[in-house]
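**Q** You'll find start-v7.tsv just under this line, and it carries TSV, N, CA, C and O atoms.
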```
chain	number	residue	atom	x	y	z
A	1389	MET	N	81.01	190.12	88.35
A	1389	MET	CA	82.40	190.52	88.38
A	1389	MET	C	82.55	192.03	88.21
A	1389	MET	O	83.40	192.62	88.84
A	1390	CYS	N	81.73	192.65	87.38
A	1390	CYS	CA	81.83	194.10	87.18
A	1390	CYS	C	81.59	194.84	88.49
A	1390	CYS	O	82.29	195.79	88.80
A	1391	ASN	N	80.57	194.42	89.25
A	1391	ASN	CA	80.29	195.07	90.52
A	1391	ASN	C	81.46	194.96	91.48
A	1391	ASN	O	81.72	195.89	92.25
A	1392	GLU	N	82.17	193.84	91.47
A	1392	GLU	CA	83.32	193.65	92.34
A	1392	GLU	C	84.42	194.66	92.04
A	1392	GLU	O	85.15	195.05	92.94
A	1393	LYS	N	84.54	195.07	90.81
A	1393	LYS	CA	85.59	196.03	90.44
A	1393	LYS	C	85.37	197.40	91.07
A	1393	LYS	O	86.31	198.14	91.27
A	1394	ILE	N	84.11	197.73	91.40
A	1394	ILE	CA	83.85	199.07	91.94
A	1394	ILE	C	83.17	199.05	93.31
A	1394	ILE	O	82.92	200.09	93.88
A	1395	ALA	N	82.90	197.89	93.86
A	1395	ALA	CA	82.06	197.78	95.05
A	1395	ALA	C	82.65	198.42	96.30
A	1395	ALA	O	81.92	199.00	97.08
A	1396	SER	N	83.93	198.31	96.54
A	1396	SER	CA	84.47	198.80	97.80
A	1396	SER	C	85.66	199.69	97.58
A	1396	SER	O	86.39	199.55	96.61
A	1397	GLY	N	85.83	200.61	98.50
A	1397	GLY	CA	86.99	201.48	98.46
A	1397	GLY	C	86.97	202.47	97.30
A	1397	GLY	O	86.20	202.33	96.38
A	1398	PRO	N	87.83	203.48	97.38
A	1398	PRO	CA	87.93	204.45	96.30
A	1398	PRO	C	88.50	203.81	95.03
A	1398	PRO	O	89.52	203.14	95.08
A	1399	LYS	N	87.83	204.01	93.92
A	1399	LYS	CA	88.26	203.44	92.64
A	1399	LYS	C	88.24	204.51	91.58
A	1399	LYS	O	87.42	205.41	91.60
A	1400	ARG	N	89.12	204.36	90.62
A	1400	ARG	CA	89.12	205.21	89.43
A	1400	ARG	C	89.07	204.28	88.24
A	1400	ARG	O	89.96	203.45	88.07
A	1401	LEU	N	88.03	204.39	87.45
A	1401	LEU	CA	87.95	203.63	86.21
A	1401	LEU	C	88.49	204.53	85.12
A	1401	LEU	O	87.97	205.63	84.88
A	1402	LEU	N	89.55	204.08	84.48
A	1402	LEU	CA	90.31	204.93	83.58
A	1402	LEU	C	90.67	204.19	82.30
A	1402	LEU	O	90.51	202.99	82.18
A	1403	LYS	N	91.20	204.96	81.37
A	1403	LYS	CA	91.91	204.43	80.21
A	1403	LYS	C	93.27	205.11	80.19
A	1403	LYS	O	93.36	206.32	80.42
A	1404	THR	N	94.29	204.33	79.95
A	1404	THR	CA	95.65	204.85	80.11
A	1404	THR	C	95.98	206.00	79.18
A	1404	THR	O	96.84	206.82	79.48
A	1405	TYR	N	95.32	206.09	78.04
A	1405	TYR	CA	95.67	207.11	77.05
A	1405	TYR	C	94.83	208.38	77.14
A	1405	TYR	O	95.01	209.29	76.35
A	1406	ARG	N	93.94	208.47	78.08
A	1406	ARG	CA	93.06	209.64	78.19
A	1406	ARG	C	93.67	210.70	79.10
A	1406	ARG	O	94.07	210.42	80.23
A	1407	GLY	N	93.72	211.95	78.63
A	1407	GLY	CA	94.31	213.05	79.40
A	1407	GLY	C	93.64	213.29	80.73
A	1407	GLY	O	94.31	213.50	81.75
A	1408	TYR	N	92.32	213.28	80.76
A	1408	TYR	CA	91.61	213.50	82.02
A	1408	TYR	C	91.88	212.37	83.01
A	1408	TYR	O	91.89	212.58	84.22
A	1409	CYS	N	92.10	211.17	82.50
A	1409	CYS	CA	92.43	210.05	83.37
A	1409	CYS	C	93.77	210.29	84.05
A	1409	CYS	O	93.93	210.03	85.25
A	1410	HIS	N	94.73	210.81	83.30
A	1410	HIS	CA	96.02	211.15	83.89
A	1410	HIS	C	95.86	212.22	84.97
A	1410	HIS	O	96.51	212.16	86.01
A	1411	ARG	N	94.98	213.18	84.73
A	1411	ARG	CA	94.74	214.25	85.71
A	1411	ARG	C	94.18	213.70	87.01
A	1411	ARG	O	94.58	214.11	88.10
A	1412	VAL	N	93.23	212.76	86.92
A	1412	VAL	CA	92.64	212.17	88.12
A	1412	VAL	C	93.69	211.40	88.91
A	1412	VAL	O	93.78	211.52	90.13
A	1413	LYS	N	94.51	210.61	88.22
A	1413	LYS	CA	95.56	209.86	88.91
A	1413	LYS	C	96.56	210.81	89.56
A	1413	LYS	O	96.95	210.60	90.71
A	1414	HIS	N	96.96	211.85	88.84
A	1414	HIS	CA	97.93	212.81	89.37
A	1414	HIS	C	97.36	213.51	90.61
A	1414	HIS	O	98.05	213.62	91.63
A	1415	LEU	N	96.13	213.98	90.52
A	1415	LEU	CA	95.51	214.66	91.66
A	1415	LEU	C	95.40	213.72	92.85
A	1415	LEU	O	95.72	214.10	93.98
A	1416	SER	N	94.98	212.50	92.62
A	1416	SER	CA	94.84	211.53	93.71
A	1416	SER	C	96.18	211.25	94.38
A	1416	SER	O	96.27	211.20	95.60
A	1417	THR	N	97.21	211.10	93.56
A	1417	THR	CA	98.55	210.85	94.10
A	1417	THR	C	99.06	212.06	94.85
A	1417	THR	O	99.62	211.94	95.94
A	1418	GLN	N	98.83	213.24	94.29
A	1418	GLN	CA	99.25	214.49	94.91
A	1418	GLN	C	98.61	214.65	96.29
A	1418	GLN	O	99.24	215.14	97.22
A	1419	LEU	N	97.36	214.23	96.42
A	1419	LEU	CA	96.63	214.35	97.68
A	1419	LEU	C	96.99	213.24	98.67
A	1419	LEU	O	96.57	213.27	99.81
A	1420	GLY	N	97.73	212.25	98.20
A	1420	GLY	CA	98.06	211.12	99.06
A	1420	GLY	C	96.89	210.18	99.25
A	1420	GLY	O	96.80	209.49	100.26
A	1421	ALA	N	95.97	210.17	98.30
A	1421	ALA	CA	94.76	209.34	98.40
A	1421	ALA	C	95.11	207.86	98.22
A	1421	ALA	O	95.97	207.51	97.43
A	1422	SER	N	94.39	207.03	98.97
A	1422	SER	CA	94.50	205.59	98.73
A	1422	SER	C	93.39	205.22	97.76
A	1422	SER	O	92.25	205.61	97.94
A	1423	TYR	N	93.75	204.49	96.71
A	1423	TYR	CA	92.76	204.16	95.69
A	1423	TYR	C	93.26	203.01	94.83
A	1423	TYR	O	94.43	202.66	94.87
A	1424	LYS	N	92.35	202.43	94.09
A	1424	LYS	CA	92.68	201.39	93.13
A	1424	LYS	C	92.26	201.88	91.76
A	1424	LYS	O	91.18	202.41	91.59
A	1425	VAL	N	93.15	201.70	90.80
A	1425	VAL	CA	92.86	202.08	89.42
A	1425	VAL	C	92.43	200.84	88.65
A	1425	VAL	O	93.06	199.79	88.76
A	1426	VAL	N	91.37	200.97	87.90
A	1426	VAL	CA	90.95	199.94	86.96
A	1426	VAL	C	91.11	200.55	85.58
A	1426	VAL	O	90.34	201.44	85.20
A	1427	GLU	N	92.15	200.14	84.87
A	1427	GLU	CA	92.42	200.68	83.54
A	1427	GLU	C	91.69	199.82	82.51
A	1427	GLU	O	92.12	198.72	82.18
A	1428	LEU	N	90.57	200.33	82.06
A	1428	LEU	CA	89.66	199.56	81.22
A	1428	LEU	C	90.29	199.10	79.92
A	1428	LEU	O	89.91	198.06	79.38
A	1429	ASP	N	91.25	199.86	79.42
A	1429	ASP	CA	91.90	199.45	78.17
A	1429	ASP	C	92.93	198.34	78.39
A	1429	ASP	O	93.43	197.77	77.43
A	1430	LYS	N	93.21	198.00	79.64
A	1430	LYS	CA	94.15	196.92	79.93
A	1430	LYS	C	93.48	195.71	80.57
A	1430	LYS	O	94.12	194.69	80.76
A	1431	GLU	N	92.21	195.85	80.93
A	1431	GLU	CA	91.45	194.75	81.52
A	1431	GLU	C	90.85	193.90	80.42
A	1431	GLU	O	90.32	194.44	79.44
A	1432	GLY	N	90.88	192.59	80.59
A	1432	GLY	CA	90.29	191.70	79.60
A	1432	GLY	C	88.80	191.93	79.42
A	1432	GLY	O	88.25	191.79	78.32
A	1433	ASP	N	88.13	192.32	80.52
A	1433	ASP	CA	86.69	192.59	80.45
A	1433	ASP	C	86.38	194.08	80.44
A	1433	ASP	O	85.27	194.49	80.75
A	1434	GLY	N	87.36	194.90	80.05
A	1434	GLY	CA	87.19	196.35	80.04
A	1434	GLY	C	85.97	196.83	79.27
A	1434	GLY	O	85.20	197.64	79.78
A	1435	PRO	N	85.72	196.31	78.05
A	1435	PRO	CA	84.53	196.74	77.32
A	1435	PRO	C	83.22	196.37	78.03
A	1435	PRO	O	82.26	197.14	78.02
A	1436	VAL	N	83.21	195.22	78.70
A	1436	VAL	CA	82.03	194.80	79.45
A	1436	VAL	C	81.81	195.73	80.64
A	1436	VAL	O	80.69	196.17	80.91
A	1437	VAL	N	82.89	196.05	81.35
A	1437	VAL	CA	82.80	196.96	82.49
A	1437	VAL	C	82.35	198.33	82.03
A	1437	VAL	O	81.50	198.97	82.67
A	1438	GLN	N	82.86	198.80	80.90
A	1438	GLN	CA	82.47	200.12	80.41
A	1438	GLN	C	81.00	200.15	80.01
A	1438	GLN	O	80.31	201.13	80.25
A	1439	SER	N	80.50	199.08	79.43
A	1439	SER	CA	79.07	199.01	79.11
A	1439	SER	C	78.24	198.99	80.38
A	1439	SER	O	77.20	199.65	80.46
A	1440	ALA	N	78.69	198.24	81.38
A	1440	ALA	CA	77.98	198.21	82.67
A	1440	ALA	C	78.01	199.59	83.32
A	1440	ALA	O	77.03	200.03	83.93
A	1441	LEU	N	79.12	200.29	83.17
A	1441	LEU	CA	79.26	201.65	83.69
A	1441	LEU	C	78.17	202.54	83.11
A	1441	LEU	O	77.54	203.32	83.83
A	1442	ALA	N	77.92	202.41	81.83
A	1442	ALA	CA	76.86	203.19	81.19
A	1442	ALA	C	75.50	202.85	81.78
A	1442	ALA	O	74.68	203.73	82.01
A	1443	ASP	N	75.26	201.57	82.04
A	1443	ASP	CA	73.99	201.15	82.65
A	1443	ASP	C	73.83	201.72	84.05
A	1443	ASP	O	72.76	202.15	84.45
A	1444	TRP	N	74.92	201.68	84.85
A	1444	TRP	CA	74.86	202.12	86.25
A	1444	TRP	C	74.78	203.62	86.41
A	1444	TRP	O	74.11	204.14	87.30
A	1445	THR	N	75.53	204.35	85.56
A	1445	THR	CA	75.68	205.79	85.78
A	1445	THR	C	75.07	206.66	84.69
A	1445	THR	O	74.95	207.86	84.86
A	1446	GLY	N	74.73	206.04	83.56
A	1446	GLY	CA	74.25	206.82	82.42
A	1446	GLY	C	75.39	207.40	81.60
A	1446	GLY	O	75.16	208.08	80.61
A	1447	LEU	N	76.63	207.14	82.02
A	1447	LEU	CA	77.81	207.65	81.31
A	1447	LEU	C	78.77	206.51	81.02
A	1447	LEU	O	79.01	205.67	81.88
A	1448	ARG	N	79.32	206.48	79.81
A	1448	ARG	CA	80.35	205.49	79.51
A	1448	ARG	C	81.73	206.13	79.50
A	1448	ARG	O	82.71	205.48	79.21
A	1449	THR	N	81.78	207.41	79.78
A	1449	THR	CA	83.05	208.12	79.68
A	1449	THR	C	83.93	207.85	80.90
A	1449	THR	O	83.46	207.50	81.97
A	1450	VAL	N	85.21	208.01	80.68
A	1450	VAL	CA	86.19	207.90	81.75
A	1450	VAL	C	87.05	209.16	81.73
A	1450	VAL	O	87.15	209.80	80.68
A	1451	PRO	N	87.58	209.57	82.86
A	1451	PRO	CA	87.61	208.86	84.12
A	1451	PRO	C	86.24	208.85	84.79
A	1451	PRO	O	85.41	209.71	84.54
A	1452	ASN	N	86.06	207.87	85.63
A	1452	ASN	CA	84.84	207.74	86.40
A	1452	ASN	C	85.25	207.28	87.79
A	1452	ASN	O	85.85	206.22	87.93
A	1453	VAL	N	84.97	208.07	88.79
A	1453	VAL	CA	85.46	207.83	90.14
A	1453	VAL	C	84.31	207.31	91.01
A	1453	VAL	O	83.21	207.86	91.00
A	1454	PHE	N	84.62	206.26	91.76
A	1454	PHE	CA	83.68	205.69	92.72
A	1454	PHE	C	84.31	205.72	94.10
A	1454	PHE	O	85.49	205.43	94.25
A	1455	ILE	N	83.51	206.08	95.10
A	1455	ILE	CA	83.94	206.00	96.49
A	1455	ILE	C	82.91	205.16	97.22
A	1455	ILE	O	81.72	205.50	97.23
A	1456	ARG	N	83.39	204.06	97.79
A	1456	ARG	CA	82.52	203.10	98.48
A	1456	ARG	C	81.33	202.69	97.62
A	1456	ARG	O	80.21	202.61	98.09
A	1457	GLY	N	81.59	202.46	96.36
A	1457	GLY	CA	80.56	202.01	95.44
A	1457	GLY	C	79.66	203.10	94.89
A	1457	GLY	O	78.83	202.85	94.05
A	1458	ASN	N	79.84	204.33	95.36
A	1458	ASN	CA	79.04	205.47	94.88
A	1458	ASN	C	79.80	206.24	93.82
A	1458	ASN	O	80.94	206.64	94.04
A	1459	ASN	N	79.16	206.46	92.70
A	1459	ASN	CA	79.77	207.21	91.62
A	1459	ASN	C	79.76	208.69	91.93
A	1459	ASN	O	78.72	209.24	92.27
A	1460	ILE	N	80.94	209.31	91.85
A	1460	ILE	CA	81.00	210.75	92.09
A	1460	ILE	C	81.38	211.52	90.84
A	1460	ILE	O	81.56	212.73	90.88
A	1461	GLY	N	81.54	210.83	89.72
A	1461	GLY	CA	81.80	211.52	88.46
A	1461	GLY	C	83.21	211.36	87.98
A	1461	GLY	O	83.87	210.36	88.24
A	1462	GLY	N	83.69	212.39	87.28
A	1462	GLY	CA	84.98	212.30	86.61
A	1462	GLY	C	86.05	213.17	87.21
A	1462	GLY	O	86.34	213.08	88.39
A	1463	CYS	N	86.58	214.05	86.42
A	1463	CYS	CA	87.76	214.82	86.79
A	1463	CYS	C	87.37	216.21	87.29
A	1463	CYS	O	87.73	217.22	86.73
A	1464	ASN	N	86.61	216.26	88.36
A	1464	ASN	CA	86.19	217.52	88.94
A	1464	ASN	C	86.83	217.63	90.32
A	1464	ASN	O	86.28	217.15	91.30
A	1465	SER	N	88.01	218.24	90.37
A	1465	SER	CA	88.76	218.27	91.62
A	1465	SER	C	88.03	219.04	92.71
A	1465	SER	O	88.20	218.76	93.89
A	1466	GLY	N	87.19	219.99	92.36
A	1466	GLY	CA	86.43	220.73	93.36
A	1466	GLY	C	85.49	219.83	94.14
A	1466	GLY	O	85.26	220.01	95.32
A	1467	GLN	N	84.94	218.84	93.47
A	1467	GLN	CA	84.06	217.88	94.12
A	1467	GLN	C	84.84	216.69	94.66
A	1467	GLN	O	84.50	216.13	95.70
A	1468	LEU	N	85.88	216.31	93.99
A	1468	LEU	CA	86.63	215.11	94.33
A	1468	LEU	C	87.32	215.23	95.69
A	1468	LEU	O	87.24	214.31	96.51
A	1469	VAL	N	87.97	216.33	95.95
A	1469	VAL	CA	88.76	216.47	97.18
A	1469	VAL	C	87.91	216.33	98.44
A	1469	VAL	O	88.23	215.51	99.31
A	1470	PRO	N	86.79	217.07	98.59
A	1470	PRO	CA	86.00	216.89	99.82
A	1470	PRO	C	85.42	215.49	99.96
A	1470	PRO	O	85.34	214.96	101.07
A	1471	LEU	N	85.05	214.87	98.85
A	1471	LEU	CA	84.50	213.52	98.92
A	1471	LEU	C	85.57	212.51	99.33
A	1471	LEU	O	85.30	211.59	100.10
A	1472	LEU	N	86.77	212.67	98.82
A	1472	LEU	CA	87.87	211.80	99.23
A	1472	LEU	C	88.18	211.97	100.71
A	1472	LEU	O	88.42	211.00	101.43
A	1473	ARG	N	88.15	213.21	101.16
A	1473	ARG	CA	88.41	213.47	102.60
A	1473	ARG	C	87.33	212.84	103.47
A	1473	ARG	O	87.62	212.20	104.46
A	1474	SER	N	86.07	213.01	103.09
A	1474	SER	CA	85.00	212.45	103.91
A	1474	SER	C	84.99	210.93	103.89
A	1474	SER	O	84.56	210.29	104.84
A	1475	ALA	N	85.53	210.32	102.84
A	1475	ALA	CA	85.62	208.87	102.75
A	1475	ALA	C	86.86	208.33	103.48
A	1475	ALA	O	87.05	207.14	103.58
A	1476	GLY	N	87.70	209.25	103.97
A	1476	GLY	CA	88.91	208.82	104.66
A	1476	GLY	C	89.99	208.35	103.70
A	1476	GLY	O	90.94	207.67	104.13
A	1477	ALA	N	89.88	208.70	102.43
A	1477	ALA	CA	90.85	208.24	101.43
A	1477	ALA	C	92.00	209.22	101.24
A	1477	ALA	O	92.95	208.93	100.53
A	1478	VAL	N	91.91	210.38	101.89
A	1478	VAL	CA	92.94	211.41	101.75
A	1478	VAL	C	93.44	211.77	103.13
A	1478	VAL	O	92.66	211.96	104.07
A	1479	LYS	N	94.75	211.90	103.22
A	1479	LYS	CA	95.35	212.38	104.48
A	1479	LYS	C	95.00	213.84	104.63
A	1479	LYS	O	95.11	214.61	103.70
A	1480	THR	N	94.59	214.22	105.83
A	1480	THR	CA	94.22	215.64	106.03
A	1480	THR	C	95.40	216.47	106.42
A	1480	THR	O	96.44	216.04	106.74
```
Take the structure in the file and write it out as structure tokens.

**A**
Amino acid sequence: MCNEKIASGPKRLLKTYRGYCHRVKHLSTQLGASYKVVELDKEGDGPVVQSALADWTGLRTVPNVFIRGNNIGGCNSGQLVPLLRSAGAVKT
């Protein structure tokens, strides 16, 4: 089930109360990106997903952005924008 949460399409694994998580959502919305948010603090299996995140990426921190199942990191807009464009998730 954890893999299904991040397997396809642009995803942001977030916690609703984290400032950097708000920044990633705001930037994504500002860019017109299509994405799905998984708010780990609101998911019943959020702690399990976050532990799996640590196994997959070496990081348990959020935000954590995945594009087509590939982890691209957190709130680094310099890296995020070109990757979203190349994935077709942002209107050019």

**Q** Could you please write out, as a ChimeraX atom specification, every residue of range 1399-1479 of chain A that DSSP assigns to strand (DSSP E)?

**A** /A:1399-1402,1424-1427,1452-1455,1458-1461

**Q** Which residue, A:Leu1419, A:Arg1456, A:Asp1429, A:Gly1466, has the smallest gap to Tyr1405 in chain A when you use only N, CA, C and O atoms?

**A**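 Result for the nearest residue to Tyr1405 in chain A: A:Asp1429.
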
**Q** Rounded to one decimal place, report the atom N of Leu1471 in chain A-atom C of Lys1413 in chain A distance in Å.

**A** 15.3 Å

**Q** Determine which residues of chain A DSSP labels as helix (DSSP H, G or I) from the backbone of this structure, then write them out as an MDAnalysis selection string.

**A** chainID A and resid 1390:1394 1407:1419 1434:1445 1465:1474

**Q** Here is a test: counting only N, CA, C and O atoms, which residue of A:Glu1427, A:Val1436, A:Ile1455, A:Ser1416 is nearest to Ala1475 in chain A?

**A** A:Ile1455

**Q** Taking only N, CA, C and O atoms into account, name the residue in A:Gly1434, A:Gly1420, A:Pro1451, A:Gly1446 that is nearest to Cys1463 in chain A.

**A**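 Using only N, CA, C and O atoms, Cys1463 in chain A sits closest to A:Pro1451.
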
**Q** In terms of the shortest atom-to-atom distance over only N, CA, C and O atoms, which of A:Ser1439, A:Tyr1423, A:Thr1404, A:His1410 is closest to Phe1454 in chain A?

**A**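 Of the candidates, the smallest distance to Phe1454 in chain A is held by A:Tyr1423.
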
**Q** Tell me, in Å to one decimal, how far atom N of Leu1468 in chain A is from atom N of Ala1442 in chain A.

**A**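 Interatomic distance here is 20.1 Å.
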
**Q** Could you state the separation of CA of Gly1432 in chain A and atom O of Leu1415 in chain A in Å, given to one decimal place?

**A**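 Separating CA of Gly1432 in chain A from atom O of Leu1415 in chain A is a distance of 27.2 Å.
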
**Q** Please list, as a VMD selection string, the residues that have an atom at most 9 Å away from (78.1, 209.5, 89.0) in the coordinates of this file, counting only C-alpha atoms.

**A** chain A and resid 1444 to 1447 1452 to 1454 1458 to 1462
